[in-house]
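Pasting upload.txt here (compact mmCIF, C-alpha atoms):
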# COMPACT_ATOMS: atom_id res chain seq x y z
CA MET A 2 0.00 0.00 0.00
CA SER A 3 2.07 2.83 -1.30
CA PHE A 4 0.08 5.59 0.42
CA LEU A 5 1.22 4.33 3.81
CA ARG A 6 4.56 5.65 4.97
CA ARG A 7 6.48 6.40 8.12
CA ARG A 8 6.19 9.92 9.41
CA SER A 9 9.07 11.83 10.89
CA ALA A 10 9.24 11.50 14.65
CA THR A 11 6.60 13.55 16.45
CA PRO A 12 6.80 13.21 20.24
CA ALA A 13 3.13 14.09 20.79
CA GLY A 14 1.67 11.31 18.64
CA PRO A 15 2.41 8.24 16.56
CA ASP A 16 5.33 8.20 14.12
CA PHE A 17 3.29 6.16 11.63
CA ASP A 18 0.12 6.73 9.68
CA VAL A 19 -3.02 5.42 11.36
CA LEU A 20 -5.33 3.54 9.03
CA ALA A 21 -8.96 3.67 10.17
CA MET A 22 -12.38 5.05 9.26
CA ASP A 23 -12.73 8.80 9.15
CA PRO A 24 -14.67 9.95 12.24
CA GLY A 25 -16.93 11.98 9.94
CA ASP A 26 -18.06 8.73 8.28
CA TRP A 27 -19.21 7.22 11.59
CA PRO A 28 -22.60 8.11 13.11
CA GLY A 29 -21.51 7.79 16.75
CA ASN A 30 -18.69 8.83 19.05
CA LEU A 31 -15.00 8.19 18.46
CA GLY A 32 -12.31 7.77 21.09
CA ALA A 33 -8.61 7.26 20.46
CA GLY A 34 -5.95 5.80 22.69
CA LEU A 35 -2.17 5.85 22.36
CA LEU A 36 0.03 3.09 23.75
CA PRO A 37 3.17 4.86 25.03
CA ALA A 38 6.52 3.20 25.63
CA PRO A 39 8.69 4.26 28.60
CA ASP A 40 10.91 6.26 26.21
CA GLY A 41 7.90 8.28 24.98
CA THR A 42 7.56 6.63 21.59
CA CYS A 43 4.15 5.48 20.42
CA GLN A 44 3.77 1.70 20.46
CA GLY A 45 0.33 1.73 18.90
CA VAL A 46 -2.95 3.53 18.40
CA PHE A 47 -6.43 2.16 18.84
CA LEU A 48 -9.68 3.86 17.91
CA ARG A 49 -12.96 3.01 19.60
CA TYR A 50 -16.11 3.69 17.63
CA ASP A 51 -19.22 3.91 19.83
CA LEU A 52 -22.49 3.50 18.03
CA PHE A 53 -24.97 6.36 18.06
CA GLY A 54 -23.77 8.45 20.96
CA GLY A 55 -22.97 6.09 23.76
CA ARG A 56 -25.11 3.00 23.24
CA GLY A 57 -21.97 0.93 23.53
CA PRO A 58 -18.80 0.23 21.59
CA ALA A 59 -19.38 -1.30 18.20
CA MET A 60 -15.83 -1.47 16.85
CA ILE A 61 -12.19 -1.05 17.79
CA ILE A 62 -9.48 -0.58 15.14
CA GLY A 63 -5.88 -0.93 16.26
CA ASN A 64 -2.65 0.03 14.49
CA LEU A 65 0.40 -1.57 16.12
CA PRO A 66 3.87 -1.00 14.64
CA GLU A 67 6.55 -3.67 14.43
CA GLY A 68 8.09 -4.22 17.88
CA SER A 69 5.01 -3.16 19.83
CA PRO A 70 4.60 -5.42 22.88
CA ALA A 71 0.81 -5.42 22.32
CA ARG A 72 1.42 -7.51 19.17
CA GLU A 73 3.00 -10.33 21.15
CA VAL A 74 0.00 -12.48 22.03
CA PRO A 75 0.38 -16.13 23.09
CA GLU A 76 -1.22 -18.69 20.76
CA GLY A 77 -4.93 -19.06 21.37
CA HIS A 78 -5.23 -15.70 23.15
CA VAL A 79 -7.20 -12.80 21.69
CA PRO A 80 -5.54 -9.74 20.15
CA PHE A 81 -5.18 -6.54 22.20
CA GLU A 82 -8.13 -4.91 20.38
CA VAL A 83 -10.51 -7.77 21.26
CA ALA A 84 -9.44 -7.50 24.90
CA GLN A 85 -10.11 -3.74 24.79
CA LEU A 86 -13.55 -4.35 23.25
CA LEU A 87 -14.42 -6.86 25.99
CA LEU A 88 -13.19 -4.41 28.63
CA ALA A 89 -15.30 -1.59 27.16
CA LEU A 90 -18.33 -3.88 27.14
CA GLU A 91 -17.62 -4.89 30.75
CA ASN A 92 -17.66 -8.49 29.53
CA GLU A 93 -15.49 -10.64 31.80
CA GLU A 94 -16.10 -13.88 29.90
CA GLU A 95 -12.92 -15.69 28.84
CA VAL A 96 -12.62 -15.56 25.05
CA THR A 97 -10.10 -17.53 23.00
CA VAL A 98 -9.11 -17.85 19.36
CA VAL A 99 -10.45 -21.15 18.00
CA GLY A 100 -9.42 -20.79 14.34
CA ILE A 101 -7.78 -18.56 11.73
CA GLU A 102 -8.59 -18.27 8.02
CA ASP A 103 -6.59 -16.27 5.44
CA VAL A 104 -8.78 -14.47 2.88
CA PRO A 105 -7.64 -12.29 -0.06
CA VAL A 106 -9.39 -8.89 -0.16
CA MET A 107 -8.96 -5.98 -2.56
CA GLN A 108 -8.62 -2.47 -1.15
CA GLY A 109 -8.57 -0.21 -4.18
CA ASP A 110 -5.65 -1.48 -6.26
CA ASN A 111 -4.05 -3.25 -3.30
CA LEU A 112 -4.44 -6.92 -2.42
CA LEU A 113 -4.67 -7.58 1.31
CA ILE A 114 -4.30 -10.98 2.87
CA VAL A 115 -6.77 -10.70 5.74
CA ARG A 116 -6.68 -13.10 8.67
CA ARG A 117 -10.17 -13.78 9.96
CA LEU A 118 -9.99 -14.90 13.56
CA LYS A 119 -12.73 -17.20 14.77
CA LEU A 120 -13.35 -16.62 18.47
CA SER A 121 -15.10 -18.64 21.17
CA GLU A 122 -17.48 -15.66 21.59
CA GLY A 123 -19.50 -15.70 18.36
CA ARG A 124 -20.74 -12.11 18.75
CA ILE A 125 -17.21 -10.76 18.18
CA ALA A 126 -15.85 -10.51 14.65
CA CYS A 127 -12.11 -9.95 14.29
CA VAL A 128 -9.80 -9.50 11.30
CA GLN A 129 -6.12 -8.57 10.96
CA PHE A 130 -3.81 -7.58 8.12
CA ASP A 131 -0.24 -6.35 7.78
CA ARG A 132 0.44 -3.06 6.01
CA SER A 133 3.39 -2.42 3.72
CA ASP A 134 5.09 -0.45 6.53
CA ASN A 135 4.85 -3.44 8.95
CA VAL A 136 2.02 -1.96 11.01
CA LEU A 137 -0.53 -4.58 12.06
CA VAL A 138 -4.16 -3.45 11.68
CA THR A 139 -6.73 -5.30 13.77
CA ILE A 140 -10.47 -4.68 13.57
CA ALA A 141 -12.72 -6.07 16.31
CA ALA A 142 -16.48 -5.58 16.06
CA TRP A 143 -19.26 -6.42 18.48
CA ASP A 144 -22.42 -8.12 17.25
CA ARG A 145 -21.92 -7.27 13.58
CA PRO A 146 -19.99 -8.99 10.79
CA ILE A 147 -16.93 -7.42 9.17
CA THR A 148 -17.66 -7.37 5.45
CA ASP A 149 -15.28 -6.67 2.55
CA ASP A 150 -16.83 -3.25 1.91
CA LEU A 151 -15.44 -2.05 5.27
CA TYR A 152 -11.91 -2.07 3.81
CA ALA A 153 -12.94 0.58 1.27
CA LEU A 154 -13.71 2.94 4.19
CA LEU A 155 -10.23 2.62 5.70
CA LYS A 156 -7.85 5.50 5.04
CA PRO A 157 -4.93 7.24 6.72
CA LEU A 158 -6.17 9.70 9.33
CA PRO A 159 -4.50 13.11 9.74
CA ALA A 160 -1.78 13.37 12.38
CA GLU A 161 -3.63 16.29 14.02
CA LEU A 162 -6.19 13.84 15.42
CA PHE A 163 -3.51 12.38 17.69
CA GLN A 164 -1.67 15.52 18.84
CA GLN A 165 -1.79 16.16 22.56
CA GLY A 166 -1.79 19.80 23.44
Starting from the coordinates I provided, produce the structure as structure tokens.
Amino acid sequence: MSFLRRRSATPAGPDFDVLAMDPGDWPGNLGAGLLPAPDGTCQGVFLRYDLFGGRGPAMIIGNLPEGSPAREVPEGHVPFEVAQLLLALENEEEVTVVGIEDVPVMQGDNLLIVRRLKLSEGRIACVQFDRSDNVLVTIAAWDRPITDDLYALLKPLPAELFQQG
């Protein structure tokens, strides 16, 4: 994906482009979280999309660069974004990964190999793909399927969204 590139270091936000849905395209509330490392670098960004003004989280999209500790998940355990979704839903049920399927998906002119994770909690849909800049994108959705047309809505978000002032 040629439009994705590393940014120059910016201490107030991520040093990589964040691929997600534009907040203006979502009918509810958006929250963003940064995963800081002890040295101040950004080890990941996750965006929480709440459906229709606070009726509960519907989707979390994470962007984790290479080397982020949040990417290191033991086999069978759920990705960071699924754990965040369960936490937001106040769901304490233990959820595990029970299967993985690789599916080719087109995003514009780019071919993505999307990993669909099958989870023990059937109401959670989860997919992952690697970007050309080695950032792992994970999408976790509650009680709704993740369809191929979602990938057309993903785009790099402006750095200003993540500046702390």
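Shortest atom-to-atom contact with Asp149 of chain A among A:His78, A:Arg124, A:Arg117, A:Arg72: A:Arg117, counting all atoms listed in the file.
For the set A:Asp150, A:Ala59, A:Pro66, A:Gly29, the residue with the smallest atom-to-atom gap to Cys43 of chain A is A:Pro66, counting only C-alpha atoms.
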Computed interatomic separation between atom CA of Gly25 of chain A and atom CA of Asn64 of chain A (Å):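 Separation of atom CA of Gly25 of chain A and atom CA of Asn64 of chain A: 19.2 Å.
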Among listed residues A:Val83, A:Leu36, A:Gln44, A:Glu94, nearest Phe17 of chain A (using all atoms listed in the file): A:Gln44
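With all atoms listed in the file as the basis for measurement, A:Ile61 is the residue among A:Ile61, A:Leu52, A:Ala38, A:Val104 that approaches Leu87 of chain A most closely.
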Distance query Gln108 of chain A at most 10 Å, all atoms listed in the file, self and fewer than 5 positions along chain excluded, as number ranges by chain: A: 2, 113, 149-155
Distance of atom CA of Trp143 of chain A from atom CA of Glu91 of chain A, expressed in Å to one decimal place: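 If I compute the distance from atom CA of Glu91 of chain A to atom CA of Trp143 of chain A, I get 12.5 Å.
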Length of the atom CA of Asn111 of chain A to atom CA of Pro146 of chain A vector [Å]: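 Calculated distance between atom CA of Asn111 of chain A and atom CA of Pro146 of chain A is 22.0 Å.
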Nearby residues (only C-alpha atoms) at most 8 Å from Gly34 of chain A, same-chain spacing under 3 positions excluded, as number ranges by chain: A: 46-48
Test item: residues at most 7 Å from Ile125 of chain A, all atoms listed in the file, excluding those fewer than 4 positions along its chain, as JSON, numbers by chain: {"A": [141, 142, 143, 144]}
